[in-house]
file my_file-v4.cif (mmCIF, C-alpha atoms)
data_structure
loop_
_atom_site.group_PDB
_atom_site.id
_atom_site.type_symbol
_atom_site.label_atom_id
_atom_site.label_comp_id
_atom_site.auth_asym_id
_atom_site.auth_seq_id
_atom_site.Cartn_x
_atom_site.Cartn_y
_atom_site.Cartn_z
ATOM 1 C CA MET D 1 -66.723 241.591 79.236
ATOM 2 C CA LYS D 2 -64.193 244.232 78.148
ATOM 3 C CA ALA D 3 -65.099 247.791 77.243
ATOM 4 C CA ASP D 4 -64.438 249.054 73.720
ATOM 5 C CA LEU D 5 -63.109 252.603 73.293
ATOM 6 C CA GLU D 6 -65.426 253.093 70.305
ATOM 7 C CA TRP D 7 -68.439 252.712 72.619
ATOM 8 C CA PHE D 8 -67.327 255.799 74.535
ATOM 9 C CA ARG D 9 -66.603 257.774 71.359
ATOM 10 C CA THR D 10 -70.082 256.939 70.101
ATOM 11 C CA PHE D 11 -71.673 257.819 73.434
ATOM 12 C CA LYS D 12 -69.944 261.228 73.412
ATOM 13 C CA ALA D 13 -71.095 261.884 69.839
ATOM 14 C CA VAL D 14 -74.733 261.016 70.644
ATOM 15 C CA TYR D 15 -74.641 263.105 73.836
ATOM 16 C CA GLU D 16 -73.387 266.138 71.912
ATOM 17 C CA ALA D 17 -75.443 265.661 68.731
ATOM 18 C CA GLY D 18 -78.710 264.749 70.428
ATOM 19 C CA THR D 19 -79.723 262.098 67.864
ATOM 20 C CA MET D 20 -78.259 258.838 66.659
ATOM 21 C CA SER D 21 -78.527 259.845 63.002
ATOM 22 C CA ASP D 22 -76.504 263.044 63.557
ATOM 23 C CA ALA D 23 -73.956 261.110 65.618
ATOM 24 C CA ALA D 24 -73.631 258.551 62.806
ATOM 25 C CA LYS D 25 -72.896 261.335 60.308
ATOM 26 C CA GLU D 26 -70.290 262.853 62.619
ATOM 27 C CA LEU D 27 -68.590 259.485 63.205
ATOM 28 C CA GLN D 28 -69.062 258.394 59.579
ATOM 29 C CA ILE D 29 -70.507 255.058 60.592
ATOM 30 C CA SER D 30 -73.970 253.571 60.143
ATOM 31 C CA GLN D 31 -76.847 254.330 62.510
ATOM 32 C CA PRO D 32 -77.168 250.629 63.445
ATOM 33 C CA SER D 33 -73.522 250.734 64.513
ATOM 34 C CA VAL D 34 -74.285 253.711 66.756
ATOM 35 C CA SER D 35 -77.197 251.848 68.312
ATOM 36 C CA LEU D 36 -75.074 248.730 68.788
ATOM 37 C CA HIS D 37 -72.281 250.704 70.514
ATOM 38 C CA LEU D 38 -74.762 252.399 72.858
ATOM 39 C CA ASN D 39 -76.469 249.137 73.761
ATOM 40 C CA SER D 40 -73.089 247.534 74.445
ATOM 41 C CA LEU D 41 -72.030 250.433 76.686
ATOM 42 C CA GLU D 42 -75.321 250.320 78.602
ATOM 43 C CA THR D 43 -74.878 246.592 79.134
ATOM 44 C CA TYR D 44 -71.317 247.170 80.304
ATOM 45 C CA THR D 45 -72.210 249.979 82.761
ATOM 46 C CA GLY D 46 -75.493 248.447 83.870
ATOM 47 C CA TYR D 47 -77.313 251.775 83.404
ATOM 48 C CA SER D 48 -79.682 253.270 80.864
ATOM 49 C CA LEU D 49 -77.858 256.274 79.393
ATOM 50 C CA PHE D 50 -80.582 257.898 77.265
ATOM 51 C CA GLU D 51 -84.339 258.234 77.217
ATOM 52 C CA ARG D 52 -85.148 257.433 73.616
ATOM 53 C CA ASN D 53 -87.978 259.126 71.714
ATOM 54 C CA THR D 54 -88.693 259.969 68.103
ATOM 55 C CA ARG D 55 -86.936 263.356 68.189
ATOM 56 C CA LYS D 56 -84.132 263.529 70.736
ATOM 57 C CA MET D 57 -81.946 261.329 72.879
ATOM 58 C CA LYS D 58 -82.374 262.739 76.366
ATOM 59 C CA PRO D 59 -79.378 261.880 78.613
ATOM 60 C CA THR D 60 -80.061 260.315 82.000
ATOM 61 C CA VAL D 61 -78.299 261.317 85.218
ATOM 62 C CA HIS D 62 -75.832 258.471 84.700
ATOM 63 C CA ALA D 63 -75.121 259.712 81.170
ATOM 64 C CA LYS D 64 -74.362 263.228 82.393
ATOM 65 C CA HIS D 65 -71.973 261.882 85.001
ATOM 66 C CA LEU D 66 -70.238 259.620 82.466
ATOM 67 C CA TYR D 67 -69.953 262.424 79.908
ATOM 68 C CA HIS D 68 -68.177 264.743 82.337
ATOM 69 C CA LYS D 69 -65.782 261.937 83.222
ATOM 70 C CA ILE D 70 -64.802 261.013 79.646
ATOM 71 C CA SER D 71 -65.218 264.158 77.525
ATOM 72 C CA GLU D 72 -61.855 265.734 78.380
ATOM 73 C CA PRO D 73 -59.813 262.488 78.112
ATOM 74 C CA LEU D 74 -61.407 261.756 74.705
ATOM 75 C CA LEU D 75 -60.596 265.277 73.499
ATOM 76 C CA LYS D 76 -56.975 264.811 74.538
ATOM 77 C CA LEU D 77 -56.875 261.445 72.784
ATOM 78 C CA ALA D 78 -58.270 263.062 69.619
ATOM 79 C CA GLU D 79 -55.494 265.670 69.777
ATOM 80 C CA VAL D 80 -52.885 262.930 70.040
ATOM 81 C CA GLU D 81 -54.436 261.072 67.087
ATOM 82 C CA ASN D 82 -54.491 264.232 64.983
ATOM 83 C CA SER D 83 -50.862 265.022 65.791
ATOM 84 C CA PHE D 84 -49.805 261.601 64.488
ATOM 85 C CA ARG D 85 -52.079 261.652 61.439
ATOM 86 C CA LYS D 86 -50.284 262.243 58.166
ATOM 87 C CA LYS D 87 -52.070 265.142 56.510
ATOM 88 C CA SER D 88 -52.792 264.855 52.792
ATOM 89 C CA GLY D 89 -55.011 267.933 52.499
ATOM 90 C CA THR D 90 -57.424 270.040 54.453
ATOM 91 C CA GLU D 91 -60.453 267.795 53.950
ATOM 92 C CA LYS D 92 -60.943 265.090 56.548
ATOM 93 C CA ARG D 93 -60.655 261.630 55.027
ATOM 94 C CA PRO D 94 -63.096 258.999 56.268
ATOM 95 C CA THR D 95 -61.654 255.926 57.975
ATOM 96 C CA PHE D 96 -62.878 252.415 57.220
ATOM 97 C CA TYR D 97 -62.117 249.271 59.202
ATOM 98 C CA ILE D 98 -61.819 246.158 57.050
ATOM 99 C CA GLY D 99 -61.540 242.628 58.432
ATOM 100 C CA ILE D 100 -59.788 240.021 56.306
ATOM 101 C CA PHE D 101 -57.617 236.901 56.327
ATOM 102 C CA PRO D 102 -53.883 237.801 56.310
ATOM 103 C CA GLY D 103 -53.066 236.209 52.942
ATOM 104 C CA LEU D 104 -56.028 237.808 51.192
ATOM 105 C CA PHE D 105 -54.930 241.293 52.246
ATOM 106 C CA ARG D 106 -51.785 240.939 50.167
ATOM 107 C CA GLN D 107 -53.771 239.810 47.110
ATOM 108 C CA LEU D 108 -56.768 242.135 47.296
ATOM 109 C CA PHE D 109 -55.432 245.377 48.752
ATOM 110 C CA VAL D 110 -51.663 245.760 48.446
ATOM 111 C CA PRO D 111 -51.659 246.415 44.648
ATOM 112 C CA SER D 112 -54.303 249.198 44.722
ATOM 113 C CA LEU D 113 -54.662 250.425 48.309
ATOM 114 C CA ASN D 114 -53.475 253.963 47.530
ATOM 115 C CA LYS D 115 -56.229 254.372 44.920
ATOM 116 C CA LEU D 116 -58.834 254.712 47.683
ATOM 117 C CA ASN D 117 -59.510 258.256 48.838
ATOM 118 C CA CYS D 118 -59.950 257.212 52.443
ATOM 119 C CA ASP D 119 -57.984 255.884 55.385
ATOM 120 C CA ILE D 120 -57.992 252.107 55.851
ATOM 121 C CA VAL D 121 -57.385 250.082 58.998
ATOM 122 C CA ILE D 122 -56.926 246.361 58.301
ATOM 123 C CA LEU D 123 -58.090 243.925 60.992
ATOM 124 C CA LEU D 124 -56.708 240.383 60.702
ATOM 125 C CA ASP D 125 -58.656 237.464 62.169
ATOM 126 C CA ASP D 126 -60.227 234.096 61.471
ATOM 127 C CA ASN D 127 -63.819 233.567 60.292
ATOM 128 C CA GLU D 128 -65.427 233.663 63.711
ATOM 129 C CA GLY D 129 -63.473 236.734 64.778
ATOM 130 C CA LEU D 130 -64.295 238.588 61.555
ATOM 131 C CA HIS D 131 -68.039 237.970 61.944
ATOM 132 C CA GLN D 132 -67.905 239.215 65.536
ATOM 133 C CA LEU D 133 -66.107 242.397 64.436
ATOM 134 C CA LEU D 134 -68.852 243.102 61.903
ATOM 135 C CA GLU D 135 -71.679 242.317 64.319
ATOM 136 C CA LYS D 136 -70.213 244.599 67.014
ATOM 137 C CA GLY D 137 -69.718 247.454 64.543
ATOM 138 C CA SER D 138 -65.934 247.290 64.971
ATOM 139 C CA ALA D 139 -65.506 246.558 61.237
ATOM 140 C CA ASP D 140 -67.225 248.234 58.283
ATOM 141 C CA LEU D 141 -66.467 245.453 55.792
ATOM 142 C CA ILE D 142 -65.132 241.917 56.099
ATOM 143 C CA VAL D 143 -64.059 239.192 53.673
ATOM 144 C CA SER D 144 -65.153 235.737 54.813
ATOM 145 C CA ASP D 145 -65.757 232.272 53.385
ATOM 146 C CA LYS D 146 -69.200 232.087 55.016
ATOM 147 C CA ASP D 147 -72.394 233.954 54.152
ATOM 148 C CA MET D 148 -73.764 235.032 57.541
ATOM 149 C CA SER D 149 -76.426 237.484 56.323
ATOM 150 C CA ASN D 150 -78.954 238.470 58.970
ATOM 151 C CA ARG D 151 -81.188 241.362 60.013
ATOM 152 C CA THR D 152 -78.296 243.840 60.351
ATOM 153 C CA THR D 153 -75.642 242.525 57.951
ATOM 154 C CA SER D 154 -75.561 241.486 54.303
ATOM 155 C CA TYR D 155 -73.030 239.410 52.359
ATOM 156 C CA HIS D 156 -72.236 239.519 48.648
ATOM 157 C CA LEU D 157 -70.333 237.006 46.544
ATOM 158 C CA LEU D 158 -66.701 237.939 45.852
ATOM 159 C CA GLY D 159 -65.614 234.815 43.994
ATOM 160 C CA THR D 160 -64.376 231.244 44.283
ATOM 161 C CA SER D 161 -60.778 230.303 44.979
ATOM 162 C CA HIS D 162 -59.315 226.881 44.137
ATOM 163 C CA LEU D 163 -56.771 225.246 46.428
ATOM 164 C CA SER D 164 -54.378 222.409 45.642
ATOM 165 C CA LEU D 165 -51.880 220.172 47.408
ATOM 166 C CA ILE D 166 -48.517 221.929 46.980
ATOM 167 C CA ALA D 167 -45.030 220.528 47.584
ATOM 168 C CA GLY D 168 -41.695 222.292 47.883
ATOM 169 C CA SER D 169 -39.511 221.622 44.838
ATOM 170 C CA LYS D 170 -37.023 219.523 46.886
ATOM 171 C CA THR D 171 -39.752 217.219 48.234
ATOM 172 C CA ASP D 172 -39.115 213.604 47.235
ATOM 173 C CA LEU D 173 -42.383 212.375 45.687
ATOM 174 C CA SER D 174 -41.074 209.003 44.482
ATOM 175 C CA GLY D 175 -42.724 207.174 47.398
ATOM 176 C CA LEU D 176 -46.105 208.671 46.561
ATOM 177 C CA GLU D 177 -45.724 208.055 42.830
ATOM 178 C CA SER D 178 -45.014 204.361 43.448
ATOM 179 C CA ILE D 179 -48.391 203.888 45.164
ATOM 180 C CA HIS D 180 -51.326 202.859 42.956
ATOM 181 C CA GLN D 181 -53.728 205.718 42.356
ATOM 182 C CA ASP D 182 -56.688 203.844 43.863
ATOM 183 C CA ASN D 183 -54.834 202.869 47.064
ATOM 184 C CA LYS D 184 -56.063 205.702 49.272
ATOM 185 C CA LYS D 185 -54.962 204.010 52.473
ATOM 186 C CA GLU D 186 -51.287 203.916 51.457
ATOM 187 C CA LYS D 187 -51.386 207.425 49.981
ATOM 188 C CA LYS D 188 -52.885 208.712 53.214
ATOM 189 C CA ARG D 189 -50.137 206.981 55.202
ATOM 190 C CA TRP D 190 -47.436 208.531 52.983
ATOM 191 C CA LEU D 191 -48.929 212.002 53.366
ATOM 192 C CA GLU D 192 -49.097 211.652 57.145
ATOM 193 C CA GLU D 193 -45.340 210.995 57.258
ATOM 194 C CA GLN D 194 -44.456 214.256 55.487
ATOM 195 C CA ILE D 195 -43.560 217.712 56.799
ATOM 196 C CA TRP D 196 -46.706 219.870 56.806
ATOM 197 C CA TYR D 197 -47.286 223.614 56.904
ATOM 198 C CA SER D 198 -50.558 225.274 57.907
ATOM 199 C CA SER D 199 -51.863 228.704 58.900
ATOM 200 C CA VAL D 200 -53.508 229.633 62.168
ATOM 201 C CA TYR D 201 -56.192 231.486 60.179
ATOM 202 C CA SER D 202 -56.918 228.716 57.650
ATOM 203 C CA THR D 203 -58.819 225.426 57.766
ATOM 204 C CA ALA D 204 -57.627 224.444 54.264
ATOM 205 C CA LEU D 205 -55.685 221.360 55.394
ATOM 206 C CA THR D 206 -58.620 220.076 57.469
ATOM 207 C CA GLU D 207 -61.104 220.666 54.635
ATOM 208 C CA PHE D 208 -58.788 219.014 52.068
ATOM 209 C CA TRP D 209 -58.400 215.953 54.302
ATOM 210 C CA LYS D 210 -62.147 215.642 54.883
ATOM 211 C CA LEU D 211 -62.839 216.011 51.154
ATOM 212 C CA ASN D 212 -60.349 213.327 50.123
ATOM 213 C CA PHE D 213 -60.310 210.943 53.103
ATOM 214 C CA GLY D 214 -63.690 211.522 54.753
ATOM 215 C CA LYS D 215 -62.289 212.614 58.124
ATOM 216 C CA GLU D 216 -60.123 215.240 59.786
ATOM 217 C CA PRO D 217 -56.342 214.656 59.824
ATOM 218 C CA ASP D 218 -54.998 212.696 62.786
ATOM 219 C CA PHE D 219 -51.802 214.750 62.950
ATOM 220 C CA VAL D 220 -50.827 218.295 63.880
ATOM 221 C CA PRO D 221 -48.924 220.249 61.190
ATOM 222 C CA ASN D 222 -45.209 220.666 61.870
ATOM 223 C CA TYR D 223 -45.282 224.406 61.234
ATOM 224 C CA ILE D 224 -48.258 226.658 61.992
ATOM 225 C CA ILE D 225 -47.477 230.170 60.786
ATOM 226 C CA PRO D 226 -49.404 233.414 60.216
ATOM 227 C CA ASP D 227 -50.527 233.301 56.587
ATOM 228 C CA MET D 228 -50.479 231.344 53.346
ATOM 229 C CA TYR D 229 -48.019 233.637 51.592
ATOM 230 C CA SER D 230 -45.485 232.947 54.360
ATOM 231 C CA ILE D 231 -46.094 229.218 53.890
ATOM 232 C CA LEU D 232 -45.379 229.565 50.159
ATOM 233 C CA CYS D 233 -42.122 231.406 50.931
ATOM 234 C CA CYS D 234 -41.093 228.567 53.274
ATOM 235 C CA LEU D 235 -41.846 225.904 50.637
ATOM 236 C CA LYS D 236 -39.978 227.544 47.737
ATOM 237 C CA ASN D 237 -37.014 225.342 46.781
ATOM 238 C CA GLU D 238 -37.426 223.396 50.037
ATOM 239 C CA THR D 239 -39.250 220.293 51.286
ATOM 240 C CA GLY D 240 -42.737 220.030 52.750
ATOM 241 C CA LEU D 241 -46.433 220.059 51.878
ATOM 242 C CA ALA D 242 -49.333 222.491 52.253
ATOM 243 C CA VAL D 243 -52.791 223.145 50.846
ATOM 244 C CA LEU D 244 -52.612 226.556 49.160
ATOM 245 C CA PRO D 245 -54.625 228.701 46.704
ATOM 246 C CA ASP D 246 -53.668 228.158 43.051
ATOM 247 C CA SER D 247 -53.703 231.925 42.492
ATOM 248 C CA LEU D 248 -51.058 232.435 45.175
ATOM 249 C CA CYS D 249 -48.750 229.733 43.821
ATOM 250 C CA LYS D 250 -49.009 230.420 40.075
ATOM 251 C CA GLU D 251 -45.671 232.235 39.642
ATOM 252 C CA ALA D 252 -43.791 229.872 41.970
ATOM 253 C CA ILE D 253 -45.127 226.846 40.041
ATOM 254 C CA GLU D 254 -44.063 228.350 36.716
ATOM 255 C CA ALA D 255 -40.603 229.077 38.164
ATOM 256 C CA GLY D 256 -40.260 225.495 39.402
ATOM 257 C CA GLU D 257 -39.943 226.603 43.044
ATOM 258 C CA VAL D 258 -42.934 224.483 44.114
ATOM 259 C CA LYS D 259 -44.996 221.783 42.420
ATOM 260 C CA VAL D 260 -48.624 220.682 42.408
ATOM 261 C CA ILE D 261 -49.447 217.132 43.477
ATOM 262 C CA GLN D 262 -52.212 216.074 41.080
ATOM 263 C CA ASP D 263 -52.347 212.384 41.907
ATOM 264 C CA GLY D 264 -56.126 211.959 41.764
ATOM 265 C CA TYR D 265 -56.961 214.287 44.644
ATOM 266 C CA ALA D 266 -60.219 216.226 44.649
ATOM 267 C CA GLN D 267 -59.522 219.950 44.398
ATOM 268 C CA LEU D 268 -60.730 222.102 47.249
ATOM 269 C CA GLU D 269 -62.875 225.161 46.491
ATOM 270 C CA ASN D 270 -63.301 228.146 48.789
ATOM 271 C CA THR D 271 -66.091 230.643 48.087
ATOM 272 C CA LEU D 272 -65.496 234.134 49.457
ATOM 273 C CA TYR D 273 -68.011 236.815 50.436
ATOM 274 C CA VAL D 274 -67.838 240.510 51.335
ATOM 275 C CA GLY D 275 -69.921 241.312 54.416
ATOM 276 C CA GLN D 276 -71.145 244.754 55.477
ATOM 277 C CA ARG D 277 -73.633 246.318 57.838
ATOM 278 C CA LYS D 278 -76.972 247.337 56.347
ATOM 279 C CA ASN D 279 -78.269 250.919 56.125
ATOM 280 C CA THR D 280 -74.805 252.437 56.051
ATOM 281 C CA LEU D 281 -74.414 256.122 55.238
ATOM 282 C CA ALA D 282 -71.224 255.488 53.255
ATOM 283 C CA ILE D 283 -72.684 253.198 50.608
ATOM 284 C CA ASP D 284 -70.755 254.848 47.728
ATOM 285 C CA LYS D 285 -67.395 254.388 49.432
ATOM 286 C CA TYR D 286 -68.308 250.819 50.418
ATOM 287 C CA GLN D 287 -69.093 250.113 46.775
ATOM 288 C CA GLN D 288 -65.750 251.559 45.654
ATOM 289 C CA ILE D 289 -63.860 249.344 48.107
ATOM 290 C CA LYS D 290 -65.832 246.254 47.034
ATOM 291 C CA GLU D 291 -65.159 247.001 43.352
ATOM 292 C CA LEU D 292 -61.435 247.309 44.067
ATOM 293 C CA MET D 293 -61.464 243.913 45.806
ATOM 294 C CA MET D 294 -63.462 242.366 42.965
ATOM 295 C CA ASN D 295 -61.047 243.696 40.299
ATOM 296 C CA GLU D 296 -57.994 242.437 42.165
ATOM 297 C CA PHE D 297 -59.668 239.075 42.791
ATOM 298 C CA ILE D 298 -60.336 238.668 39.051
ATOM 299 C CA LYS D 299 -56.739 239.623 38.187
ATOM 300 C CA THR D 300 -55.211 237.105 40.594
ATOM 301 C CA HIS D 301 -57.663 234.285 39.887
ATOM 302 C CA SER D 302 -57.865 234.418 36.085
#
call {"tool": "encode", "arguments": {"input": "my_file-v4.cif", "output": "structure tokens"}}
result
Amino acid sequence: MKADLEWFRTFKAVYEAGTMSDAAKELQISQPSVSLHLNSLETYTGYSLFERNTRKMKPTVHAKHLYHKISEPLLKLAEVENSFRKKSGTEKRPTFYIGIFPGLFRQLFVPSLNKLNCDIVILLDDNEGLHQLLEKGSADLIVSDKDMSNRTTSYHLLGTSHLSLIAGSKTDLSGLESIHQDNKKEKKRWLEEQIWYSSVYSTALTEFWKLNFGKEPDFVPNYIIPDMYSILCCLKNETGLAVLPDSLCKEAIEAGEVKVIQDGYAQLENTLYVGQRKNTLAIDKYQQIKELMMNEFIKTHS
């Protein structure tokens, strides 16, 4: 188990504020996140750090010792952070950590990121990693294709994305077109012989294969690269296949740089959700960020 720097920041804030609610306000995170950080730190150190009651958090002997060890280094770190922070005014801007798939960041945030009156840190990961970030309190919001609502987190529908089988414009499809539409075995064999692109963060190829052939693919893609937008760039005016969102490929299809293979394949759908921790103190800002994502999603998927 590795320690997280945010656990120590939270511990320092609780020690100095005396209550978890005041520490949450100071850190601009939710009270459940404060509790989660403290519990994680106590598990890591093996000691109880506070005697909890309804009014105050009374530090234990171990807490006092830890505080004296970390308070000065954390102050110095804060000074370094402030010296590198680009100032845009005298008022402190809140910082939000948002977990998302790499390709979705470009679609949902790049066009309107500077409209948010807050600092944003983007965390890129796959589904499992994103859920863990939210559960640990390391992310304020995540975008995921699974609704994992529980006692401490809630998920809200963002929208549904459609994905299709996409080919680079130089891909020779004559072999596929010569196969009868109902001959799935031969079409599957032809597809397996092609050059394939996939993303380390996406299961689109696997899900497409299961939907159309009832099993996972028996081959490993030739190129596994960071995100779907990079895959699209590789396919433009070249050869190869990939399963990509229609919204991402719209302009490239219209320009003739890639083409959609519509030979009787079932289209893959991917439903997306925005996850957040419950009982957050920054509900208005969370709502603003979610509305921005929703507006950009509608623009790119209409």
call {"tool": "residues_around", "arguments": {"input": "my_file-v4.cif", "residues": "Ser48 in chain D", "least_positions_apart": "3", "cutoff": "8 Å", "atoms": "only C-alpha atoms", "output": "PyMOL selection string"}}
result
chain D and resi 42+51+60+62-63
call {"tool": "resolve_selection", "arguments": {"input": "my_file-v4.cif", "expression": "the PyMOL selection byres ((chain D and resi 23) around 12)", "output": "ChimeraX atom specification"}}
result
/D:9-22,24-35,37-38,56-57,281
call {"tool": "residues_around", "arguments": {"input": "my_file-v4.cif", "residues": "Met293 in chain D", "least_positions_apart": "3", "cutoff": "9 Å", "atoms": "all atoms listed in the file", "output": "ChimeraX atom specification"}}
result
/D:107-109,112,158,288-290,296-298
call {"tool": "resolve_selection", "arguments": {"input": "my_file-v4.cif", "expression": "the PyMOL selection byres ((chain D and resi 241-252) around 6)", "output": "count of residues only"}}
result
17
call {"tool": "residues_near_point", "arguments": {"input": "my_file-v4.cif", "point": "(-71.8, 246.1, 71.5)", "cutoff": "8 Å", "atoms": "all atoms listed in the file", "output": "PyMOL selection string"}}
result
chain D and resi 7+36-41+136-137
call {"tool": "write_last_selection", "arguments": {"input": "my_file-v4.cif", "atoms": "C-alpha atoms", "output": "short mmCIF file (atom, residue, chain, number, x, y, z; two decimals), in the frame of the given file"}}
result
data_model
loop_
_atom_site.label_atom_id
_atom_site.label_comp_id
_atom_site.auth_asym_id
_atom_site.auth_seq_id
_atom_site.Cartn_x
_atom_site.Cartn_y
_atom_site.Cartn_z
CA TRP D 7 -68.44 252.71 72.62
CA LEU D 36 -75.07 248.73 68.79
CA HIS D 37 -72.28 250.70 70.51
CA LEU D 38 -74.76 252.40 72.86
CA ASN D 39 -76.47 249.14 73.76
CA SER D 40 -73.09 247.53 74.44
CA LEU D 41 -72.03 250.43 76.69
CA LYS D 136 -70.21 244.60 67.01
CA GLY D 137 -69.72 247.45 64.54
#
call {"tool": "atom_distance", "arguments": {"input": "my_file-v4.cif", "atom1": "CA of Ser144 in chain D", "atom2": "CA of Leu157 in chain D"}}
result
9.8 Å
call {"tool": "atom_distance", "arguments": {"input": "my_file-v4.cif", "atom1": "CA of Lys146 in chain D", "atom2": "CA of Leu232 in chain D"}}
result
24.4 Å
call {"tool": "residues_around", "arguments": {"input": "my_file-v4.cif", "residues": "Asn127 in chain D", "least_positions_apart": "5", "cutoff": "9 Å", "atoms": "all atoms listed in the file", "output": "PyMOL selection string"}}
result
chain D and resi 100-101+132+143-146+201-202
call {"tool": "axis_aligned_box", "arguments": {"input": "my_file-v4.cif", "around": "range 1-16 of chain D", "padding_each_side": "4 Å", "output": "AutoDock Vina command-line options"}}
result
--center_x -68.9 --center_y 253.9 --center_z 74.5 --size_x 19.6 --size_y 32.5 --size_z 17.4
call {"tool": "atom_distance", "arguments": {"input": "my_file-v4.cif", "atom1": "CA of Asp125 in chain D", "atom2": "CA of Leu268 in chain D"}}
result
21.5 Å
call {"tool": "residues_around", "arguments": {"input": "my_file-v4.cif", "residues": "Thr171 in chain D", "least_positions_apart": "5", "cutoff": "10 Å", "atoms": "only C-alpha atoms", "output": "list in words"}}
result
Gln194, Ile195, Leu235, Asn237, Glu238, Thr239, Gly240, Leu241, Val258 and Lys259 of chain D
call {"tool": "closest_residue", "arguments": {"input": "my_file-v4.cif", "among": "D:Ile261, D:Lys184, D:His65, D:Val274", "to": "Gly168 in chain D", "atoms": "only C-alpha atoms"}}
result
D:Ile261
call {"tool": "residues_around", "arguments": {"input": "my_file-v4.cif", "residues": "Glu135 in chain D", "least_positions_apart": "6", "cutoff": "8 Å", "atoms": "only C-alpha atoms", "output": "PDB file with C-alpha atoms, keeping the file's coordinate frame"}}
result
ATOM      1  CA  THR D 152     -78.296 243.840  60.351  1.00  0.00           C
ATOM      2  CA  THR D 153     -75.642 242.525  57.951  1.00  0.00           C
ATOM      3  CA  ARG D 277     -73.633 246.318  57.838  1.00  0.00           C
TER       4      ARG D 277
END
call {"tool": "closest_atom_pairs", "arguments": {"input": "my_file-v4.cif", "of": "range 109-196 of chain D", "to": "range 93-99 of chain D", "cutoff": "6 Å", "atoms": "only C-alpha atoms", "output": "Markdown table"}}
result
| residue | atom | partner | partner_atom | distance |
| --- | --- | --- | --- | --- |
| D:Cys118 | CA | D:Arg93 | CA | 5.2 |
| D:Asp119 | CA | D:Thr95 | CA | 4.5 |
| D:Ile120 | CA | D:Phe96 | CA | 5.1 |
| D:Val121 | CA | D:Tyr97 | CA | 4.8 |
| D:Ile122 | CA | D:Ile98 | CA | 5.1 |
| D:Leu123 | CA | D:Gly99 | CA | 4.5 |
| D:Leu124 | CA | D:Gly99 | CA | 5.8 |
| D:Leu130 | CA | D:Gly99 | CA | 5.8 |
| D:Ala139 | CA | D:Tyr97 | CA | 4.8 |
| D:Asp140 | CA | D:Tyr97 | CA | 5.3 |
| D:Leu141 | CA | D:Ile98 | CA | 4.9 |
| D:Ile142 | CA | D:Gly99 | CA | 4.3 |
call {"tool": "closest_residue", "arguments": {"input": "my_file-v4.cif", "among": "D:His156, D:Asn212, D:Met228, D:Leu176", "to": "Arg189 in chain D", "atoms": "all atoms listed in the file"}}
result
D:Leu176
call {"tool": "closest_residue", "arguments": {"input": "my_file-v4.cif", "among": "D:Asp227, D:Glu128, D:Asp218, D:Asp4", "to": "Thr45 in chain D", "atoms": "all atoms listed in the file"}}
result
D:Asp4
call {"tool": "closest_residue", "arguments": {"input": "my_file-v4.cif", "among": "D:Leu49, D:Met294, D:Leu211, D:Val110", "to": "Val61 in chain D", "atoms": "all atoms listed in the file"}}
result
D:Leu49
